[in-house]
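Read the structure below first, then the notes.
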Amino acid sequence: MSKDMTRVVSTIGPGHYFGEVGLIFGDYRTATVRAASYCEVLMLQRPALDEVLDHFPLIAKQFKEAAENKNHLLDLQKACKQKEKQEVRTAASVLDEDSSYEATVHKPSDASVKVFDVNTDDYLNPFRELNIFGRIFSKLLMSRALLSDGKYCKWWEILRVAVALISTFTITLQACFLHTDVALWGFNYFLDIICYVDMYLKFHMAFNNSNSVQVTHPLSTAKHYLRTNFVLDLLAIFPTELIAYAVLRTFSGDSVHIYALVRVNRLLQLYRVPLAFNYLESGVERETDSIRKVKFLFYLLIFIHLLACAWYFNACPPITTTDVPADRFKTNIHYCYTNSWTNYTALDFRTKSIGVQYIISLYWASATGASVGYGDIHANNVNEMVLALLSMIMGIVFFGYIIASVAASLANADAQRARYQEKLTAVKRYLKDHQSNKNLEQRVITYYNYLWLRNKGVDPDSLFDGLPLSLKADVTLNLYQEMINKVPLFQDKEVGFQKMLSMCMRPVLFLSGEYVVRKFDFGKEMFFIHRGIVEVVSEDGCTVYDTMESGRYFGEISLVFSCPRTASIRARTNVDMFTLNKGSLDAALTHYPPIKESIYKVAEERINAVRKRSKAHIGSLKKPEEKAEGATPDAETEDKKDKQANGKATSAGPTILEETSIEIDEVQTVSGRCCITRNYLQWFLDSNRFVLNPDSKFVVGLKRVTSFLIFLTTWTILYQACFQVSSNYILVFSYVSEAVFVFEIYVKFHVSCANEYGDLERDFNKVYKSYLKKKSGFILDVVAALPLDILALAGGDNKQKFLALTILRLIHLVRLYRLSEFFKSWETELNINVFHVRMTKFFVILVIVIHFFASLWYLLACPNKKCKKESWAAYNGYYYENPEDKPKMYELYVYCDCIYWCVATLTSTGYGDIHAYSTVEMVFASFVMVAGQVLFGSILGNIASTLANADSGRVSYEEKLDAIKNQMKDQKLPSKLRNRVISYFDYLWARHNGVDQYTLFHDAQYCLQTDIGFTINKGLLTKVEIFKSAEDSFLRALSLMLRPVLFMPNDFIVRQGDVGDEMYFIYRGTVEIMEGKNEKKVSKLLLEGDHFDDINLLYDVPRRRSVRARTHVDLHALSCKDLKSVLEQFTSVRTAIRDIGRNKYWDYATSVGAQEHFPSQETTV
């Protein structure tokens, strides 16, 4: 591209290369290169090249000489500029056309049709190569192509799939039930016309060839369609009824039925349906879960419908002779076999209408496909037995497919949560094993819960890792350029340099109250505040000196010079930041030496200015008490601002109350001339402005109580509405529950809500407005609590009033949405046993569904307690002419029978002693059968996915252990040694579930990591003489370097004479120091808190004694390499450690000629 990005200078294709100037010379790109089509590019980076060149010194020398030849670089740059000018001059007119294209190449295009110029050679040449027949055919083609990504093509494909689905139902209905329906014939022929139009359009549908290039020429698209789906589409729409008419040549008798039957070739259109769903599910930007549910629904309807049609057609096929056979009987427009199921049912099948007969067939199909099998409709001849047998098998396979699909999708959807929960479990176990204090444990768990809330376990630093470097640079520059330009060090620097910096920016999250940096800690990062407020505080955290909000930054001096932090900074609210570390900055500056020089110059000026200000205030620094007092008003001012967040200057603002109690903020009462009434009113208004923490025990407990009451009242409301059972106990319980629900509405006005960043709202005005505006908030609760029961007192006798009362109370079932929200919220928590929570949810769902279906089953047979004669209740002895003849326990008996039928139907048991008799009952029973399969399929799928994800860590660990066993077996290790290795890995699993504890907290913020490490390891480090005088900031940094190591009893930790540079701290267990070379005699025992081999940390000496674990031992190991990385920032501590080491071990080290790990070094200031 040209420099102004408006013209294309040149194009390159497969086999070409570019970027060699940057690879060899490390210089700026000589041109901008942009993809004109989908490209697959192989990239060679300089570090990878250097790694290879290490093995080829001669070639490496040539590269080095070429990189040092600056004249050659200048010649290349000059040649590129001349070539660009020449190509711009010679192709100006073409470039002008390209300019209009390139200016819009990245804009969304709505083009759906490509129109060709029929007079161009590009369009005509392919036709000239055709024979005479091909040319005749080509005259039928349009000079247009439908683009596959265009909106017209997508909408037409949606219509075509809908036609295929509709034809599946209408064609089979016509072939099996309604072959004489003229309107249905007309509708099916209308669908056929759409199919013929679709075939013609398919000749013009653009496609992608094997090179992923879109082909649009009409002749090419036509040839492609002929080679692919043309034959199948032709068979699916071929007018087979014309062939049948050519044979029969009549419309008398059952000939029309035969014509309808031969049209079943239209069912071949169904091949489009799975292709369409596969396409929809392939895109990650769509809600694949919803698409999958719709797919299963369509498949289920098609499956049941086809079974019903096949079952009816098998009993009532068309007659191929002019006379009616003796083994047939007429029903409506069909002739059915006398030995078929239609003649052996107790439903008086002959007199039923076509619609009722279709429902009866659906009833059998549902019972058979769902494996319920009541037996009231069953096979009566061999053909029906074969069909029933196939239907049973297909039903089991079909519903098994649905269950397996649900389980697989749920397992995939829940895999990320399961892995994160495993990590959180490991974190809890680590903190518990190391006996950390409750406050620290709560901080860590809260932080990881917050990480899950914000990132769902995904590292935000890796979100754009899959993008090409150029696209990633554009994205990150767009995100961070504004913040980078606010820093004087980076202001107005080259775009290339800013792109490199933006790609190194890393998002981090801080919870309210957590430290971002601590004073005297060495810093290598710079922080940019994206959202939230941080405060500069004193060392003890009691005094706030300053606050910084979104858009501010800090730490730029530490970024350049790696100097100690000059102040502690703490998050006041939940804060989103971006960090830039020194390593990334140094790597970027190696490519921009002039920028490096200017940045260091500006940084020195800024640090000199800071030093001058420090000297100017040396007097105030000598009196920190006065400074703290001077900072107090600022802190008080900030507190006052917080307290006045709701706009009230006369009263304290709302606060998030603690878990243990519900307290009301103190209120400044109005004194003076105000009357007593006004004082009480003001007190009442202010006392109701409190805000509750949603995680407090009171709010959580109230939510659980109301959820349980919703479950119970759902049962009572449905029971009374359907069975019309009057009970004073139930009514009293219901109204007490309503009072609790009304109280909950009052409480919800005061329950704080969390925004998308996890911040709890503290302003009462915003809290109650949020509850009012929330879709599932106040309006839903009020609708569910409406006292419509009062309307039942309007008139009528007691029975009518009670009927009206029970019907009006159905409005309270709206609260079931609240119950679903409760379980949804409960499942999102991390500190739970997911399996137990989900089993509780499934139990509640099952109880409600069974009770609901059982109540409706009774209501269909006995509306208003009056049973119909043609119903299941009448056939089971529950029909009474005189209601007074009913036994005392009538409602209990009939309710138990309803529950019995519902459970038998939902679980596919289907004894058949209670079954449907009327048409309405058959429709309802069919629905319950299918619903039972779907319900239990979903439950089993959830259970399977939960157990699979819960055990995924164990499976991975066992796979690793199996690989180790196979490797040891292949290498023929002694069985005793193999058993030791296997026992060790088994012990690792028992202790840590295979989780590496050293990297356990690497995704936590630095200050939180140091708090954890310092809390656990401070006691161990301060017992070592070489670290006793070290400052806390050094110990905090060093505590992160201790690596946990486990040893089993009688395992040697080190052996005498081994080479090693680690020292060990005993955190738990007992260790034996062996005597000299005698590894069987113990000379000394070391207990918890002791350490050994600190000499190996200071000098390059072999191990002086063998050390063995007497019990299970937890050690913390510190290597010389890790110690050096920390001492680079603490030169004074390095000197002290070297001096102490020389006093203790210099004589021994010199006697064995050992080198010092920390020799003296000159320090330049």
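Each chain in the structure tokens gets a letter, A, B and so on, in the order shown; residues start at 1 in every chain, and ligands are counted from 1 in the order they appear.
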
So that I can see what lies close to A:Ile158, please list as a CSV table (one decimal) with C-alpha atoms, in the first residue's frame the residues with an atom at most 12 Å from it, counting only C-alpha atoms and leaving out residues fewer than 2 positions away in the same chain.
chain,number,residue,atom,x,y,z
A,151,LYS,CA,-28.7,-11.5,2.8
A,152,TYR,CA,-30.9,-12.6,-0.1
A,153,CYS,CA,-29.2,-16.0,-0.2
A,154,LYS,CA,-29.5,-16.4,3.5
A,155,TRP,CA,-33.2,-15.5,3.6
A,156,TRP,CA,-34.0,-17.7,0.6
A,160,ARG,CA,-36.2,-23.3,1.5
A,161,VAL,CA,-35.5,-25.2,4.8
A,162,ALA,CA,-38.9,-24.1,6.1
A,163,VAL,CA,-40.5,-25.6,2.9
A,164,ALA,CA,-38.6,-28.8,3.5
A,165,LEU,CA,-39.9,-29.0,7.1
A,198,ASP,CA,-34.9,-23.0,-5.8
A,272,ARG,CA,-31.4,-29.8,3.9
A,273,VAL,CA,-32.5,-29.7,7.5
A,275,LEU,CA,-27.2,-29.3,6.9
A,276,ALA,CA,-28.9,-26.0,7.9
A,277,PHE,CA,-28.6,-26.9,11.6
A,279,TYR,CA,-24.2,-24.5,9.6
A,280,LEU,CA,-26.0,-22.6,12.4

TODO: Mind checking which residues fall within 12 Å of stretch 241-252 of chain A, counting only C-alpha atoms, ignoring those fewer than 2 positions away in the same chain, and posting them as a ChimeraX atom specification?
DONE: /A:175,179-180,185,189,237-239,254-266,319-323

TODO: To one decimal in Å, tell me the separation between atom CA of A:Phe497 and atom CA of A:Leu585.
DONE: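 Rounded to one decimal, the two atoms are 9.8 Å apart.
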
Task: Among the residues A:Glu761, A:Asp1093, A:Asp414, A:Glu870, the one that comes closest to A:Gly941 [using only C-alpha atoms] - done: A:Asp414

Open item on the list: Taking 2 positions as the minimum chain separation for residues in the same chain, which residues sit within 7 Å of stretch 826-835 of chain A when counting only C-alpha atoms? Answer as a PyMOL selection string.
Closed with: chain A and resi 421+449+822-824+837-839+946

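With only C-alpha atoms taken into account, the protein and nucleic acid residues at most 8 Å from stretch 547-549 of chain A (excluding it and anything under 6 positions from it in its own chain) are Ile529, Arg531, Gly532, Ile533, Val534, Glu535 and Val536 of chain A.
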
Generate the output file for the selected residues, C-alpha atoms, as a PDB file, in the first residue's frame.
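Result file is again-v8.pdb:
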ATOM      1  CA  ILE A 529      -6.099   3.140  35.839  1.00  0.00           C
ATOM      2  CA  ARG A 531     -11.791   2.110  35.940  1.00  0.00           C
ATOM      3  CA  GLY A 532     -12.152   2.708  39.658  1.00  0.00           C
ATOM      4  CA  ILE A 533     -10.374   4.748  42.321  1.00  0.00           C
ATOM      5  CA  VAL A 534      -7.056   4.106  44.081  1.00  0.00           C
ATOM      6  CA  GLU A 535      -5.620   5.954  47.075  1.00  0.00           C
ATOM      7  CA  VAL A 536      -2.070   6.796  48.106  1.00  0.00           C
TER       8      VAL A 536
END

Tell me, as a short mmCIF file (atom, residue, chain, number, x, y, z; two decimals) with N, CA and C atoms, in the first residue's frame, which residues lie within 7 Å of A:Arg1110, counting only C-alpha atoms; anything in the same chain fewer than 6 positions away does not count.
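Resulting contents of result_31.cif:
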data_model
loop_
_atom_site.label_atom_id
_atom_site.label_comp_id
_atom_site.auth_asym_id
_atom_site.auth_seq_id
_atom_site.Cartn_x
_atom_site.Cartn_y
_atom_site.Cartn_z
N PRO A 1049 8.20 -41.00 53.62
CA PRO A 1049 9.11 -41.56 54.63
C PRO A 1049 10.19 -42.43 54.00
N ASN A 1050 11.44 -42.27 54.51
CA ASN A 1050 12.62 -43.05 54.10
C ASN A 1050 13.15 -42.66 52.73
N THR A 1070 9.49 -34.54 59.92
CA THR A 1070 10.78 -34.73 60.60
C THR A 1070 11.81 -35.24 59.61
N VAL A 1071 13.02 -34.68 59.68
CA VAL A 1071 14.09 -34.99 58.74
C VAL A 1071 15.29 -35.53 59.52
N GLU A 1072 15.97 -36.52 58.94
CA GLU A 1072 17.14 -37.13 59.56
C GLU A 1072 18.41 -36.69 58.84
#

- [ ] Go through A:Tyr900, A:Phe708, A:Phe690, A:Phe1047 one by one, measure the shortest atom-to-atom distance of each to A:Arg1108 using only C-alpha atoms, and give the residue with the smallest value.
- [x]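 Among the listed residues, A:Phe1047 lies closest to A:Arg1108.
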
TODO: Can you work out which one of A:Cys316, A:Ala603, A:Leu219, A:Cys867 has the shortest atom-to-atom distance to A:His204, counting only C-alpha atoms?
DONE: A:Leu219

Task: Polymer residues at most 9 Å from A:Phe924, only C-alpha atoms, same-chain spacing of 4 or more positions, as a list of chain:residue names - done: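 In the requested format, the answer is A:Leu856, A:Trp857, A:Leu860, A:Ala916, A:Thr919, A:Val920, A:Val928, A:Met929.
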
Task: Of the listed residues A:Ser391, A:Val1107, A:Leu58, A:Gly912, that which approaches A:Lys1081 most closely, counting only C-alpha atoms - done: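 Of the candidates, the smallest distance to A:Lys1081 is held by A:Val1107.
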
Closest-contact table, stretch 488-513 of chain A side, partner stretch 24-41 of chain A, 12 Å, counting only C-alpha atoms, as a tab-separated table:
residue	atom	partner	partner_atom	distance
A:Glu494	CA	A:Tyr28	CA	10.8
A:Val495	CA	A:Tyr28	CA	11.3
A:Gly496	CA	A:Tyr28	CA	8.4
A:Phe497	CA	A:Tyr28	CA	10.3

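Of the residues listed (A:Leu389, A:Leu140, A:Val930, A:Leu1118), A:Val930 shows the shortest atom-to-atom separation from A:Val372; distances use only C-alpha atoms.
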
If we count only C-alpha atoms, what is near stretch 1143-1146 of chain A at a cut-off of 8 Å, once residues fewer than 4 positions away on the same chain are taken out, given as a PDB file with all heavy atoms, in the first residue's frame?
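The result, stored in result_14.pdb:
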ATOM      1  N   ILE A1095      24.549 -23.442  53.072  1.00  0.00           N
ATOM      2  CA  ILE A1095      25.866 -23.222  52.462  1.00  0.00           C
ATOM      3  C   ILE A1095      25.818 -23.419  50.950  1.00  0.00           C
ATOM      4  O   ILE A1095      26.489 -22.730  50.198  1.00  0.00           O
ATOM      5  CB  ILE A1095      26.920 -24.143  53.114  1.00  0.00           C
ATOM      6  CG1 ILE A1095      28.313 -23.808  52.571  1.00  0.00           C
ATOM      7  CG2 ILE A1095      26.567 -25.613  52.905  1.00  0.00           C
ATOM      8  CD1 ILE A1095      29.426 -24.581  53.242  1.00  0.00           C
ATOM      9  N   ASP A1139      28.580 -11.193  53.454  1.00  0.00           N
ATOM     10  CA  ASP A1139      29.431 -11.048  54.636  1.00  0.00           C
ATOM     11  C   ASP A1139      29.114 -12.104  55.689  1.00  0.00           C
ATOM     12  O   ASP A1139      30.025 -12.711  56.289  1.00  0.00           O
ATOM     13  CB  ASP A1139      29.257  -9.646  55.234  1.00  0.00           C
ATOM     14  CG  ASP A1139      29.782  -8.561  54.304  1.00  0.00           C
ATOM     15  OD1 ASP A1139      30.563  -8.907  53.396  1.00  0.00           O
ATOM     16  OD2 ASP A1139      29.376  -7.389  54.469  1.00  0.00           O
ATOM     17  N   THR A1150      36.900 -22.354  51.179  1.00  0.00           N
ATOM     18  CA  THR A1150      38.245 -22.229  50.619  1.00  0.00           C
ATOM     19  C   THR A1150      39.007 -23.546  50.721  1.00  0.00           C
ATOM     20  O   THR A1150      39.869 -23.849  49.896  1.00  0.00           O
ATOM     21  CB  THR A1150      39.006 -21.123  51.357  1.00  0.00           C
ATOM     22  OG1 THR A1150      38.959 -21.370  52.778  1.00  0.00           O
ATOM     23  CG2 THR A1150      38.411 -19.761  51.045  1.00  0.00           C
TER      24      THR A1150
END

- [ ] Measure the distance from atom CA of A:Met968 to atom CA of A:Val981 in Å and round it to one decimal.
- [x] 9.4 Å

Open item on the list: Between atom CA of A:Cys898 and atom CA of A:Asp376, what distance in Å does the model show, to one decimal?
Closed with: 18.1 Å

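Using only C-alpha atoms, the nearest neighbour of A:Ala370 within the list A:Phe936, A:Tyr17, A:Phe56, A:Phe561 is A:Phe936.
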